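Below is one structure, written out as structure tokens; comments come after it.
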Amino acid sequence: MRMTLKRTIIYISLLLILLSAPSCIYLRLLKFQKQMADFERCFQVKEEKGLKIICLKPVLYSGDIETMLAPPTLSLVPETNPPSADNKTKQNKQWTYLFEKKYPNSYKNEKGDFDISLDMVFKDDLLNEIHLPERFLVILPKTFLITICKTMGNAQVNKKEYSAKGAYKPPEKEANQIQIPKQNDVLKFLGNPFVWREDDINVKLNYEYRLKQKTIKPDDSVPYVWVEFTFQKTDGTLLKAEADLCGIELSLDFAPDAKKDEKKPDNK
């Protein structure tokens, strides 16, 4: 049975943070969003030891990224979340946001490194490249990533509710190019889940990550990533994926092709 991506729904609650920040940051984010709607002209994606996203028309500054990853505040001075590590040269700087995998009761029940790093390269303080680790090639392949970015680019902004919502159904040709991971793929590349739940029909795997901080901060101010996969129990086929990526809520629906019209009984 062939599975395809039926639709992508994204709720960008991250705008709650940006609307309380200086207007220039909000305007740059909107410009960045429009670029994602015109993805092929504004970005380039390469598969080099993972995924490399190159911004062909950079608009976001390093300070914008720090603000985007900070919690909302009513203060006139926005909060910021600096990177977990940074490396600077004369013209460029590289930031690493390291999201550490969380385990039940803080007890690591597996061997290996399953943390997720997000590397950013800035040229003249403008975001020029984003690097995602190699395991994302299975969980988030190139075609899949472009589909999500296009959805975000076409999201409808609601200033009154400080949010945005986007829905996207890729064309059949584009959907057929998306390699959908199975349960064993996710376990291999992400390791043991934070929570494993199953019933007679489905298996749900929940993963949680927290940003590694340079200084100790309250939990509610530390960016987090939460992902839940729902698989068909009989063969490990992915049915649904939901995530909260530092304030960007993502929902992906996968389902079998529509069944052929059932043969109707002859009228007598």
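Chains: A, B, ... in order of the structure tokens. Residues: from 1 per chain. Ligands: from 1, in order shown.
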Name the residues of range 42-212 of chain A that come out as strand (DSSP E) in a backbone DSSP run; write them as a PyMOL selection string.
-> chain A and resi 43-47+51-55+85-88+92-101+116-123+126-132+156-158+163-168+195-198+202-211
Find, counting only C-alpha atoms, the residue in A:Val138, A:Leu51, A:Met152, A:Cys42 that gets nearest to Asn184 in chain A.
->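 Looking only at the distances to Asn184 in chain A, the closest residue turns out to be A:Val138.
Using only C-alpha atoms, the contacts of range 134-137 of chain A at a cut-off of 8 Å, with sequence neighbours closer than 3 positions omitted, comprise A:Lys49, A:Gly50, A:Leu51, A:Leu140, A:Pro141, A:Lys142, A:Phe189, A:Leu190.
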Write a file of the just-selected residues containing C-alpha atoms, as an mmCIF file, in the first residue's frame.
data_model
loop_
_atom_site.group_PDB
_atom_site.id
_atom_site.type_symbol
_atom_site.label_atom_id
_atom_site.label_comp_id
_atom_site.auth_asym_id
_atom_site.auth_seq_id
_atom_site.Cartn_x
_atom_site.Cartn_y
_atom_site.Cartn_z
ATOM 1 C CA LYS A 49 27.050 15.373 5.528
ATOM 2 C CA GLY A 50 23.444 16.182 6.252
ATOM 3 C CA LEU A 51 21.411 19.055 4.843
ATOM 4 C CA LEU A 140 13.673 15.121 7.038
ATOM 5 C CA PRO A 141 14.827 14.458 3.435
ATOM 6 C CA LYS A 142 15.421 17.295 0.997
ATOM 7 C CA PHE A 189 18.480 7.453 13.767
ATOM 8 C CA LEU A 190 16.764 8.974 16.810
#
Residue neighbourhood Phe99 in chain A, 6 Å, only C-alpha atoms, exclusion window fewer than 5 positions, as a PyMOL selection string | chain A and resi 115-116+209-212
Now that the selection is made, can you save its residues with N, CA and C atoms as a short mmCIF file (atom, residue, chain, number, x, y, z; two decimals), in the first residue's frame?
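Result written to result_17.cif:
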data_model
loop_
_atom_site.label_atom_id
_atom_site.label_comp_id
_atom_site.auth_asym_id
_atom_site.auth_seq_id
_atom_site.Cartn_x
_atom_site.Cartn_y
_atom_site.Cartn_z
N ASP A 115 21.87 13.52 20.41
CA ASP A 115 21.51 14.93 20.49
C ASP A 115 21.39 15.49 19.07
N ILE A 116 20.72 16.62 18.93
CA ILE A 116 20.52 17.24 17.62
C ILE A 116 21.18 18.61 17.60
N TYR A 209 13.57 17.21 23.43
CA TYR A 209 14.92 17.78 23.44
C TYR A 209 14.87 19.16 24.09
N ARG A 210 15.97 19.54 24.74
CA ARG A 210 16.11 20.88 25.34
C ARG A 210 17.40 21.51 24.87
N LEU A 211 17.37 22.81 24.62
CA LEU A 211 18.56 23.52 24.17
C LEU A 211 19.60 23.58 25.28
N LYS A 212 20.83 23.22 24.95
CA LYS A 212 21.92 23.32 25.92
C LYS A 212 22.25 24.78 26.13
#
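The interatomic distance for the pair CA of Asp253 in chain A and CA of Ile180 in chain A works out to 11.2 Å.
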Work out how far CA of Cys24 in chain A is from CA of Cys55 in chain A, in Å to one decimal.
-> 19.2 Å
Write down as a list in words the residues of range 28-136 of chain A whose backbone DSSP state falls under helix (DSSP H, G or I).
->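 Matching residues, listed in order: Arg28, Leu29, Leu30, Lys31, Phe32, Gln33, Lys34, Gln35, Met36, Ala37, Phe39, Glu40, Arg41, Cys42, Ser62, Gly63, Asp64, Ile65, Glu66, Thr67, Met68, Pro104, Asn105, Ser106 and Phe136 of chain A.
Here CA of Lys240 in chain A stands at a distance of 8.3 Å from CA of Glu228 in chain A.
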A:Leu132, A:Leu238, A:Leu187, A:Val227: which is nearest Tyr207 in chain A, counting only C-alpha atoms?
->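 Comparing A:Leu132, A:Leu238, A:Leu187, A:Val227 against Tyr207 in chain A, the winner is A:Val227.
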Residue among A:Gly191, A:Pro58, A:Gly247, A:Gly236 lying closest to Glu110 in chain A, counting only C-alpha atoms | A:Gly191
